[in-house]
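A.B. asks: Provided below: protein-v9.txt, containing compact mmCIF, C-alpha atoms and all ligand atoms.
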```
# COMPACT_ATOMS: atom_id res chain seq x y z
CA MET A 8 209.78 -99.15 242.34
CA MET A 9 210.74 -102.70 243.28
CA ASP A 10 211.15 -104.95 240.28
CA TYR A 11 208.23 -107.34 240.56
CA PHE A 12 208.48 -108.63 237.04
CA ARG A 13 210.21 -111.39 235.10
CA GLY A 14 213.45 -110.18 233.52
CA ASN A 15 212.07 -110.31 230.01
CA VAL A 16 209.07 -108.19 231.01
CA THR A 17 211.25 -105.56 232.68
CA ALA A 18 213.47 -105.46 229.61
CA MET A 19 210.75 -105.16 226.98
CA ALA A 20 208.99 -102.06 225.66
CA ALA A 21 205.20 -101.88 225.99
CA TYR A 22 203.09 -102.11 222.84
CA ILE A 23 201.71 -98.65 222.12
CA PRO A 24 198.18 -98.67 220.70
CA GLY A 25 196.90 -95.82 218.54
CA GLU A 26 195.56 -92.91 220.59
CA GLN A 27 191.81 -93.11 221.33
CA PRO A 28 190.16 -89.71 221.82
CA LYS A 29 187.22 -89.37 224.21
CA PRO A 30 183.85 -90.18 222.63
CA GLY A 31 182.19 -87.05 221.33
CA SER A 32 185.40 -85.11 220.72
CA GLN A 33 185.70 -83.50 217.30
CA ILE A 34 188.67 -85.54 216.20
CA ILE A 35 189.22 -86.95 212.74
CA LYS A 36 190.62 -90.31 213.62
CA LEU A 37 192.74 -91.83 210.89
CA ASN A 38 195.26 -93.63 213.09
CA SER A 39 193.88 -97.09 213.97
CA ASN A 40 192.43 -98.37 210.70
CA GLU A 41 188.91 -98.35 212.05
CA ASN A 42 186.07 -98.33 209.52
CA PRO A 43 184.60 -94.82 209.11
CA TYR A 44 181.09 -96.22 208.56
CA PRO A 45 178.75 -97.48 211.29
CA PRO A 46 178.15 -101.23 211.82
CA SER A 47 175.36 -102.97 209.88
CA PRO A 48 171.76 -102.09 210.87
CA VAL A 49 171.30 -105.81 211.60
CA VAL A 50 173.91 -105.44 214.37
CA LEU A 51 172.04 -102.52 215.92
CA GLU A 52 168.83 -104.55 215.87
CA VAL A 53 170.51 -107.43 217.72
CA LEU A 54 171.80 -105.01 220.35
CA GLN A 55 168.39 -103.43 220.84
CA ASN A 56 166.67 -106.80 221.25
CA PHE A 57 169.40 -108.36 223.39
CA ASN A 58 167.96 -110.71 226.02
CA SER A 59 169.38 -109.95 229.45
CA GLU A 60 169.02 -113.61 230.42
CA SER A 61 172.14 -114.23 228.34
CA LEU A 62 174.01 -111.78 230.55
CA ARG A 63 173.21 -113.75 233.70
CA ARG A 64 174.73 -116.96 232.35
CA TYR A 65 178.21 -117.79 231.15
CA PRO A 66 178.44 -117.62 227.38
CA ASN A 67 179.08 -120.57 225.08
CA ALA A 68 182.81 -121.28 225.40
CA TYR A 69 183.37 -121.58 221.63
CA GLY A 70 181.27 -118.67 220.37
CA GLU A 71 179.03 -121.24 218.70
CA ASP A 72 176.51 -118.81 217.18
CA PHE A 73 179.30 -116.84 215.59
CA ARG A 74 181.01 -119.98 214.32
CA LEU A 75 177.81 -121.14 212.63
CA SER A 76 177.29 -117.77 211.02
CA ALA A 77 180.92 -117.51 209.84
CA SER A 78 180.85 -121.13 208.64
CA GLN A 79 177.98 -120.33 206.27
CA VAL A 80 179.53 -117.15 204.95
CA LEU A 81 182.96 -118.73 204.36
CA ASN A 82 181.65 -122.12 203.32
CA ILE A 83 183.91 -123.92 205.75
CA PRO A 84 182.91 -126.37 208.54
CA SER A 85 182.33 -124.63 211.87
CA ASP A 86 184.87 -126.86 213.67
CA TRP A 87 187.57 -125.24 211.48
CA ILE A 88 186.86 -121.89 213.18
CA ILE A 89 188.18 -120.62 216.52
CA VAL A 90 186.79 -117.40 217.97
CA GLY A 91 188.85 -114.90 219.94
CA ASN A 92 188.60 -111.69 221.95
CA GLY A 93 189.80 -109.72 218.97
CA SER A 94 192.28 -111.35 216.64
CA ASP A 95 195.00 -110.04 218.96
CA GLU A 96 193.98 -112.69 221.50
CA LEU A 97 194.34 -115.44 218.90
CA LEU A 98 197.81 -114.22 217.90
CA ASN A 99 198.70 -114.42 221.57
CA VAL A 100 197.19 -117.90 221.96
CA VAL A 101 199.29 -119.20 219.05
CA VAL A 102 202.49 -117.81 220.57
CA ARG A 103 201.66 -119.24 223.98
CA ALA A 104 200.65 -122.64 222.63
CA CYS A 105 203.60 -123.10 220.26
CA THR A 106 206.64 -121.33 221.71
CA GLU A 107 208.82 -121.19 224.81
CA PRO A 108 212.33 -119.91 225.60
CA GLY A 109 214.68 -121.34 222.98
CA LYS A 110 211.98 -121.60 220.30
CA LYS A 111 211.82 -119.06 217.49
CA VAL A 112 209.17 -116.66 216.29
CA ALA A 113 209.98 -115.21 212.86
CA TYR A 114 208.42 -112.58 210.62
CA PRO A 115 209.38 -110.03 207.99
CA ILE A 116 209.58 -106.37 209.06
CA PRO A 117 208.22 -103.74 209.03
CA THR A 118 204.94 -105.29 210.14
CA TYR A 119 202.46 -105.39 213.02
CA VAL A 120 204.47 -104.49 216.13
CA LEU A 121 202.37 -106.69 218.43
CA TYR A 122 204.16 -109.84 217.16
CA ARG A 123 207.30 -108.57 218.89
CA THR A 124 205.48 -107.86 222.14
CA LEU A 125 203.86 -111.29 222.28
CA THR A 126 207.18 -113.01 221.58
CA GLN A 127 209.00 -111.03 224.24
CA VAL A 128 206.38 -111.77 226.90
CA GLN A 129 206.79 -115.47 226.15
CA SER A 130 210.63 -115.21 226.22
CA ALA A 131 210.78 -116.91 222.85
CA GLU A 132 213.57 -116.04 220.44
CA LEU A 133 212.75 -113.14 218.12
CA VAL A 134 213.85 -113.39 214.46
CA GLU A 135 212.95 -110.23 212.54
CA ILE A 136 213.93 -110.34 208.86
CA PRO A 137 213.70 -107.15 206.76
CA TYR A 138 211.45 -107.08 203.74
CA GLY A 139 213.15 -106.19 200.44
CA GLU A 140 213.22 -102.58 199.26
CA ASN A 141 209.92 -103.07 197.44
CA TYR A 142 208.44 -105.40 200.03
CA GLU A 143 209.73 -108.62 198.48
CA LEU A 144 209.22 -111.45 200.99
CA PRO A 145 212.54 -112.76 202.43
CA LEU A 146 211.31 -116.26 201.64
CA ASP A 147 214.59 -118.17 201.80
CA GLN A 148 215.55 -116.64 205.13
CA LEU A 149 212.15 -117.40 206.64
CA ILE A 150 212.37 -120.99 205.42
CA ALA A 151 215.95 -121.32 206.74
CA THR A 152 214.87 -119.96 210.14
CA ASN A 153 212.14 -122.63 210.32
CA ALA A 154 210.60 -120.98 213.38
CA ALA A 155 208.03 -122.58 215.67
CA VAL A 156 205.73 -119.70 214.63
CA THR A 157 206.08 -117.58 211.48
CA PHE A 158 203.82 -114.54 211.12
CA ILE A 159 202.89 -113.00 207.79
CA ALA A 160 200.39 -110.14 207.76
CA THR A 161 198.77 -109.85 204.33
CA PRO A 162 197.74 -107.24 203.41
CA ASN A 163 200.61 -106.09 205.61
CA SER A 164 200.41 -103.20 208.03
CA PRO A 165 201.73 -100.54 207.68
CA SER A 166 202.72 -101.07 204.03
CA GLY A 167 199.37 -102.29 202.66
CA HIS A 168 201.07 -104.72 200.28
CA VAL A 169 199.88 -108.26 199.69
CA VAL A 170 202.17 -111.31 199.83
CA PRO A 171 201.48 -113.52 196.77
CA ILE A 172 199.69 -116.81 197.53
CA ASP A 173 202.39 -118.84 195.77
CA GLU A 174 205.04 -117.52 198.15
CA LEU A 175 202.84 -118.30 201.15
CA ARG A 176 202.29 -121.78 199.76
CA LYS A 177 206.02 -122.37 199.40
CA LEU A 178 206.57 -121.14 202.94
CA ALA A 179 203.82 -123.35 204.36
CA SER A 180 205.18 -126.41 202.58
CA LYS A 181 208.74 -125.90 203.88
CA LEU A 182 208.07 -124.91 207.50
CA SER A 183 207.75 -127.53 210.20
CA GLY A 184 206.20 -124.95 212.55
CA VAL A 185 202.98 -122.97 212.31
CA LEU A 186 202.44 -120.34 209.63
CA VAL A 187 200.09 -117.62 210.88
CA ILE A 188 198.59 -115.64 208.02
CA ASP A 189 197.21 -112.49 209.64
CA GLU A 190 194.37 -111.44 207.34
CA ALA A 191 193.04 -108.54 209.41
CA TYR A 192 192.62 -106.51 206.19
CA VAL A 193 191.44 -109.32 203.91
CA ASP A 194 188.08 -107.62 203.32
CA PHE A 195 189.82 -104.83 201.42
CA ALA A 196 192.06 -107.10 199.33
CA GLN A 197 191.67 -108.92 196.03
CA GLU A 198 192.73 -112.34 197.27
CA ASN A 199 192.85 -114.40 200.44
CA ALA A 200 194.68 -117.42 201.79
CA LEU A 201 191.75 -119.67 202.64
CA GLU A 202 192.84 -122.34 200.14
CA LEU A 203 196.14 -122.72 202.01
CA VAL A 204 194.31 -123.51 205.24
CA LYS A 205 192.66 -126.41 203.43
CA GLU A 206 195.96 -127.56 201.88
CA PHE A 207 198.23 -127.38 204.95
CA GLU A 208 197.48 -128.35 208.53
CA ASN A 209 200.19 -125.99 209.83
CA VAL A 210 198.48 -122.87 208.43
CA ILE A 211 196.03 -120.66 210.32
CA SER A 212 194.33 -117.63 208.81
CA ILE A 213 193.44 -115.04 211.45
CA ARG A 214 190.72 -112.49 210.72
CA THR A 215 188.79 -109.83 212.55
CA LEU A 216 185.47 -108.02 212.67
CA SER A 217 187.32 -104.85 213.71
CA LYS A 218 188.19 -103.44 210.29
CA GLY A 219 185.88 -104.60 207.49
CA TYR A 220 182.80 -104.91 209.73
CA SER A 221 183.15 -101.68 211.79
CA LEU A 222 183.17 -103.65 215.06
CA ALA A 223 186.52 -102.85 216.69
CA GLY A 224 184.72 -102.02 219.93
CA VAL A 225 183.21 -105.47 220.49
CA ARG A 226 186.58 -107.28 220.26
CA LEU A 227 185.86 -110.23 218.01
CA GLY A 228 188.33 -112.08 215.83
CA PHE A 229 188.51 -115.60 214.46
CA GLY A 230 191.00 -118.11 213.18
CA ILE A 231 190.47 -120.65 210.41
CA ALA A 232 192.56 -123.82 210.52
CA ASN A 233 192.52 -127.58 210.48
CA PRO A 234 190.81 -128.84 213.69
CA LYS A 235 194.05 -130.70 214.54
CA LEU A 236 195.82 -127.36 214.88
CA LEU A 237 192.88 -125.75 216.68
CA SER A 238 192.82 -128.52 219.31
CA GLY A 239 196.10 -127.27 220.80
CA LEU A 240 194.97 -123.66 220.73
CA TYR A 241 191.76 -124.51 222.61
CA LYS A 242 193.86 -125.79 225.53
CA VAL A 243 195.47 -122.37 225.90
CA LYS A 244 192.66 -119.86 225.40
CA ASP A 245 190.60 -118.58 228.35
CA SER A 246 187.50 -120.75 228.77
CA TYR A 247 185.10 -117.85 228.32
CA ASN A 248 187.18 -115.62 226.10
CA ILE A 249 184.30 -114.05 224.22
CA ASP A 250 181.26 -112.50 225.83
CA ALA A 251 177.63 -113.11 224.93
CA ILE A 252 177.12 -109.65 223.44
CA ALA A 253 180.16 -109.90 221.18
CA VAL A 254 179.07 -113.30 219.86
CA ALA A 255 175.53 -112.15 219.07
CA VAL A 256 176.72 -108.91 217.48
CA GLY A 257 179.49 -110.64 215.55
CA ALA A 258 177.19 -113.37 214.22
CA ALA A 259 174.84 -110.70 212.89
CA GLY A 260 177.67 -108.56 211.55
CA ILE A 261 179.35 -111.29 209.52
CA SER A 262 176.01 -112.47 208.11
CA ASP A 263 175.38 -109.08 206.50
CA GLN A 264 177.86 -109.39 203.64
CA VAL A 265 175.90 -106.99 201.44
CA TYR A 266 176.33 -104.14 203.90
CA LYS A 267 180.01 -104.94 204.53
CA ASN A 268 180.77 -105.15 200.81
CA ASP A 269 179.05 -101.81 200.33
CA CYS A 270 181.24 -100.10 202.95
CA VAL A 271 184.34 -101.79 201.54
CA ALA A 272 183.53 -100.59 198.02
CA LYS A 273 183.20 -97.01 199.28
CA ILE A 274 186.51 -97.26 201.15
CA LYS A 275 188.31 -98.69 198.13
CA ALA A 276 187.01 -95.85 195.94
CA SER A 277 188.17 -93.32 198.55
CA ARG A 278 191.53 -95.09 198.72
CA VAL A 279 192.11 -94.37 195.02
CA GLN A 280 191.08 -90.71 195.44
CA LEU A 281 193.17 -90.13 198.52
CA ALA A 282 196.26 -91.70 196.93
CA ILE A 283 195.94 -89.40 193.91
CA ALA A 284 195.51 -86.32 196.10
CA LEU A 285 198.50 -87.23 198.28
CA LYS A 286 200.72 -87.86 195.26
CA GLN A 287 199.74 -84.44 193.92
CA LEU A 288 200.88 -82.97 197.22
CA GLY A 289 204.29 -84.56 196.68
CA PHE A 290 204.00 -87.65 198.87
CA ARG A 291 205.35 -91.02 197.90
CA VAL A 292 202.39 -93.39 198.27
CA TRP A 293 202.66 -97.17 198.39
CA ASP A 294 200.06 -99.33 196.63
CA SER A 295 197.66 -100.59 199.26
CA GLN A 296 195.10 -103.36 199.38
CA ALA A 297 194.06 -102.38 202.89
CA ASN A 298 192.00 -99.52 204.38
CA PHE A 299 195.05 -97.30 204.88
CA LEU A 300 197.95 -95.83 202.96
CA LEU A 301 201.62 -95.73 203.85
CA VAL A 302 202.98 -92.40 202.66
CA GLN A 303 206.28 -90.58 202.75
CA PRO A 304 206.47 -86.79 202.66
CA LEU A 305 209.43 -86.05 200.44
CA GLU A 306 210.18 -82.51 201.53
CA VAL A 307 208.93 -82.27 205.12
CA ASN A 308 209.64 -84.25 208.24
CA ALA A 309 206.99 -86.95 208.84
CA LYS A 310 206.94 -86.53 212.60
CA TYR A 311 206.45 -82.78 212.19
CA LEU A 312 203.42 -83.38 209.96
CA TYR A 313 202.03 -85.92 212.42
CA GLN A 314 202.31 -83.39 215.25
CA LYS A 315 200.90 -80.47 213.27
CA LEU A 316 197.92 -82.55 212.12
CA LYS A 317 197.32 -83.64 215.70
CA GLU A 318 197.24 -80.00 216.82
CA GLN A 319 194.43 -79.53 214.31
CA GLY A 320 192.49 -82.54 215.58
CA ILE A 321 193.52 -84.95 212.83
CA LEU A 322 195.14 -88.15 214.08
CA VAL A 323 197.31 -90.25 211.77
CA ARG A 324 199.83 -92.91 212.78
CA TYR A 325 203.53 -92.25 213.17
CA PHE A 326 205.86 -95.13 214.08
CA GLN A 327 209.21 -94.55 215.72
CA GLU A 328 210.59 -97.68 214.03
CA THR A 329 213.33 -98.48 211.54
CA ARG A 330 212.21 -97.71 207.98
CA LEU A 331 209.00 -96.10 209.23
CA ASP A 332 210.14 -92.97 211.08
CA ASP A 333 210.07 -90.95 207.86
CA LYS A 334 206.56 -92.10 206.92
CA LEU A 335 202.94 -91.86 208.04
CA ARG A 336 200.18 -94.43 207.98
CA ILE A 337 196.84 -92.85 207.16
CA THR A 338 193.54 -94.70 207.55
CA ILE A 339 191.04 -94.15 204.74
CA GLY A 340 188.18 -92.10 206.15
CA THR A 341 184.98 -90.88 204.54
CA ASN A 342 185.50 -88.63 201.52
CA GLU A 343 184.68 -85.66 203.72
CA GLN A 344 187.29 -86.61 206.33
CA ASN A 345 189.87 -87.27 203.63
CA GLN A 346 189.23 -83.85 202.14
CA ILE A 347 189.76 -82.16 205.52
CA LEU A 348 193.05 -84.02 205.81
CA ILE A 349 194.13 -82.97 202.33
CA ASN A 350 193.23 -79.32 203.04
CA ALA A 351 195.21 -79.41 206.26
CA LEU A 352 198.22 -80.94 204.52
CA MET A 353 197.99 -78.39 201.73
CA ASN A 354 198.18 -75.58 204.27
CA LEU A 355 201.07 -77.21 206.11
CA LEU A 356 203.06 -77.82 202.94
CA ASN A 357 202.30 -74.55 201.17
CA PRO A 358 201.43 -72.10 203.91
CA VAL A 359 199.28 -69.24 202.66
CA PRO A 360 201.58 -66.19 202.89
CA SER A 361 200.28 -63.83 205.54
CA PRO A 362 199.25 -60.42 204.19
CA LEU A 363 202.01 -57.84 204.38
CA GLN A 364 201.97 -56.10 207.67
CA GLY A 365 201.95 -52.33 207.94
CA GLU A 366 203.22 -49.86 205.36
CA GLY A 367 206.92 -50.21 206.10
C1 LIG A 401 194.09 -104.41 213.58
C2 LIG A 401 195.00 -105.58 213.44
C3 LIG A 401 194.82 -106.73 214.22
C4 LIG A 401 193.96 -106.73 215.45
O1 LIG A 401 192.66 -106.83 215.26
P1 LIG A 401 191.69 -107.06 216.50
O2 LIG A 401 190.80 -108.14 215.99
O3 LIG A 401 190.99 -105.77 216.69
O4 LIG A 401 192.44 -107.51 217.70
C5 LIG A 401 195.60 -107.84 213.96
N1 LIG A 401 196.55 -107.81 213.02
C6 LIG A 401 196.79 -106.71 212.28
C7 LIG A 401 197.88 -106.74 211.26
C8 LIG A 401 196.03 -105.57 212.50
O5 LIG A 401 196.31 -104.46 211.82
```
Would you mind writing the file out in structure tokens?

C.D. replies:
Amino acid sequence: MMDYFRGNVTAMAAYIPGEQPKPGSQIIKLNSNENPYPPSPVVLEVLQNFNSESLRRYPNAYGEDFRLSASQVLNIPSDWIIVGNGSDELLNVVVRACTEPGKKVAYPIPTYVLYRTLTQVQSAELVEIPYGENYELPLDQLIATNAAVTFIATPNSPSGHVVPIDELRKLASKLSGVLVIDEAYVDFAQENALELVKEFENVISIRTLSKGYSLAGVRLGFGIANPKLLSGLYKVKDSYNIDAIAVAVGAAGISDQVYKNDCVAKIKASRVQLAIALKQLGFRVWDSQANFLLVQPLEVNAKYLYQKLKEQGILVRYFQETRLDDKLRITIGTNEQNQILINALMNLLNPVPSPLQGEG
């Protein structure tokens, strides 16, 4: 094929999303950190009563109904909220608004691989700094890099660990660029970084309805930041980046905190159970404040387990990345799904001896 692309695009690897089986297939899907429970009944009601007149017109360019709903829930003015087509779009908007060739994007690794993709598309300079052995933040190196954009996912994927607020505060106070705190998993964690958004105008917290609210399919994320920071991001986003259905569904979804908290409580309880069961099977399991566990099989090859589970219709995530290629990331499912996973792992690790054949 002719090379139609910019040099950086030709040179870069594509981001590989988690596999998505066809709807209706009997797959246990524990590879994309989706919520195993259905969206709130309030969301289904909004969908059923959706007025087709709103399909004929362009939607509100700022997702106003969602902003108002989120503003009430978070107790923050609505003009501090920017809405995106998934939080992935907002991560992209920040990179496009703040970086160019010669400017740096920095983050600790291992983390969300999309940060690399977005940086490479923009031809900005990539600065990946390894986390410490026990996921200590490389704070001094991040400060010394002083990138135009610094990403911190907390809870981090795929480790599930949380970066302490005091370290984020120190980072925010020393950076002259933007600090993006990716809080995709905040609903499952004990703390959040909202106070830093109020303290520092260079901080944006980016959140999503995909994980805690069981709405990955509608593509709705939002950022919380000082309106001065948001003003630049608004210049870059598509005018009509979020559709009318997503806004209506998202506004309803975020308003039903009782339902969300209920699902989160179930997932957290399952997280404890699954961690215990996996440790009993001889896995190393990292403490997680997210809806997944990073685990390391100590006696079997991780990629082998990933493939064998897949053959049995159980999808987990395997990353061909430094420090991750001997580990698996497993989304917390329902207790029933988790039990099926445990049974499958038990059989793979301690195969039942086949009955002796013949009489010899
Ligand atoms: C899932 C995830 C996102 C993307 O969420 P969407 O809103 O569905 O685009 C962003 N950041 C991290 C770290 C994630 O794991």

A.B. asks: Can you list every residue of chain A that has an atom at most 6 Å from ligand LIG 401 (chain A), with its nearest atom pair and the distance in Å to one decimal, using only C-alpha atoms and all ligand atoms, ordered by chain then number, as a tab-separated table?

C.D. replies:
```
residue	atom	partner	partner_atom	distance
A:Gly93	CA	A:LIG401	O2	3.5
A:Ser94	CA	A:LIG401	O2	3.6
A:Asp95	CA	A:LIG401	O4	3.8
A:Tyr119	CA	A:LIG401	C7	5.1
A:Ala160	CA	A:LIG401	C7	5.5
A:Ser164	CA	A:LIG401	C7	5.4
A:Asp189	CA	A:LIG401	N1	5.8
A:Ala191	CA	A:LIG401	C6	5.1
A:Thr215	CA	A:LIG401	O2	4.3
A:Ser217	CA	A:LIG401	O3	4.8
A:Ala223	CA	A:LIG401	O3	5.3
A:Arg226	CA	A:LIG401	O3	5.9
A:Leu227	CA	A:LIG401	O2	5.7
A:Gly228	CA	A:LIG401	O2	4.7
```

A.B. asks: If we count only C-alpha atoms and set the cut-off at 10 Å, which residues sit around Ser180 of chain A, ignoring sequence neighbours fewer than 2 positions away in its own chain? Please answer as a list in words.

C.D. replies: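 Final neighbour list, sorted by chain and number: Ile150, Glu174, Leu175, Arg176, Lys177, Leu178, Leu182, Ser183, Leu186, Leu203, Glu206, Phe207, Glu208, Asn209 and Val210 of chain A.
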
A.B. asks: Determine, counting all atoms listed in the file, which protein, DNA and RNA residues have an atom within 12 Å of an atom of Glu60 of chain A; residues of the same chain fewer than 6 positions away are not included. Present the result as a VMD selection string.

C.D. replies: chain A and resid 66 251 to 252

A.B. asks: Can you pull out every residue within 10 Å of Val256 of chain A, counting all atoms listed in the file, but drop anything in the same chain fewer than 6 positions away, and send it as number ranges by chain?

C.D. replies: A: 46-47, 49-54, 57, 72-73, 222, 225, 227

A.B. asks: If we count all atoms listed in the file and set the cut-off at 8 Å, which residues sit around segment 23-26 of chain A, ignoring sequence neighbours fewer than 6 positions away in its own chain? Please answer as a PyMOL selection string.

C.D. replies: chain A and resi 38-39+324

A.B. asks: Within 10 Å of (190.1, -84.7, 213.0), in the coordinates the file gives, what residues turn up when you count only C-alpha atoms, written out as an NGL selection string?

C.D. replies: :A and (32-37 or 316-323 or 344-345 or 347-348 or 351)

A.B. asks: Given all atoms listed in the file, how would the per-residue table for segment 30-91 of chain A near segment 269-287 of chain A read, listing every residue at most 12 Å away with its closest atom pair and distance in Å to one decimal, sorted by chain and number, as a Markdown table?

C.D. replies:
```
| residue | atom | partner | partner_atom | distance |
| --- | --- | --- | --- | --- |
| A:Asn40 | CA | A:Ile274 | CA | 11.3 |
| A:Glu41 | CA | A:Ile274 | CA | 11.2 |
| A:Asn42 | CA | A:Cys270 | CA | 8.3 |
| A:Pro43 | CA | A:Ile274 | CA | 8.5 |
| A:Tyr44 | CA | A:Cys270 | CA | 6.8 |
| A:Pro45 | CA | A:Cys270 | CA | 9.1 |
| A:Pro46 | CA | A:Cys270 | CA | 9.5 |
| A:Ser47 | CA | A:Cys270 | CA | 9.5 |
```

A.B. asks: Any idea what the distance is between atom CA of Ile89 of chain A and atom CA of Gly230 of chain A?

C.D. replies: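 Computing it gives 5.0 Å between the two atoms.
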
A.B. asks: List the neighbours of segment 74-88 of chain A out to 8 Å using all atoms listed in the file; skip same-chain residues closer than 6 positions along the sequence, and give me the result as a list of chain:residue names.

C.D. replies: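 Counting all atoms listed in the file, the residues come to A:Phe229, A:Gly230, A:Ile231, A:Ala232, A:Asn233, A:Pro234, A:Leu237, A:Ala258, A:Ala259, A:Ile261, A:Ser262.
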
A.B. asks: Would you mind telling me which residue in A:Thr17, A:Thr126, A:Asn308, A:Gln296 lies nearest to Glu190 of chain A when using all atoms listed in the file?

C.D. replies: A:Gln296

A.B. asks: Determine the nearest neighbour of Ala297 of chain A from the options A:Leu133, A:Leu352, A:Val169, A:Met8, counting only C-alpha atoms.

C.D. replies: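 Of the candidates, the smallest distance to Ala297 of chain A is held by A:Val169.
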
A.B. asks: Report the distance between atom CA of Val100 of chain A and atom CA of Leu300 of chain A in Å, rounded to one decimal place.

C.D. replies: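 These atoms are spaced 29.1 Å apart.
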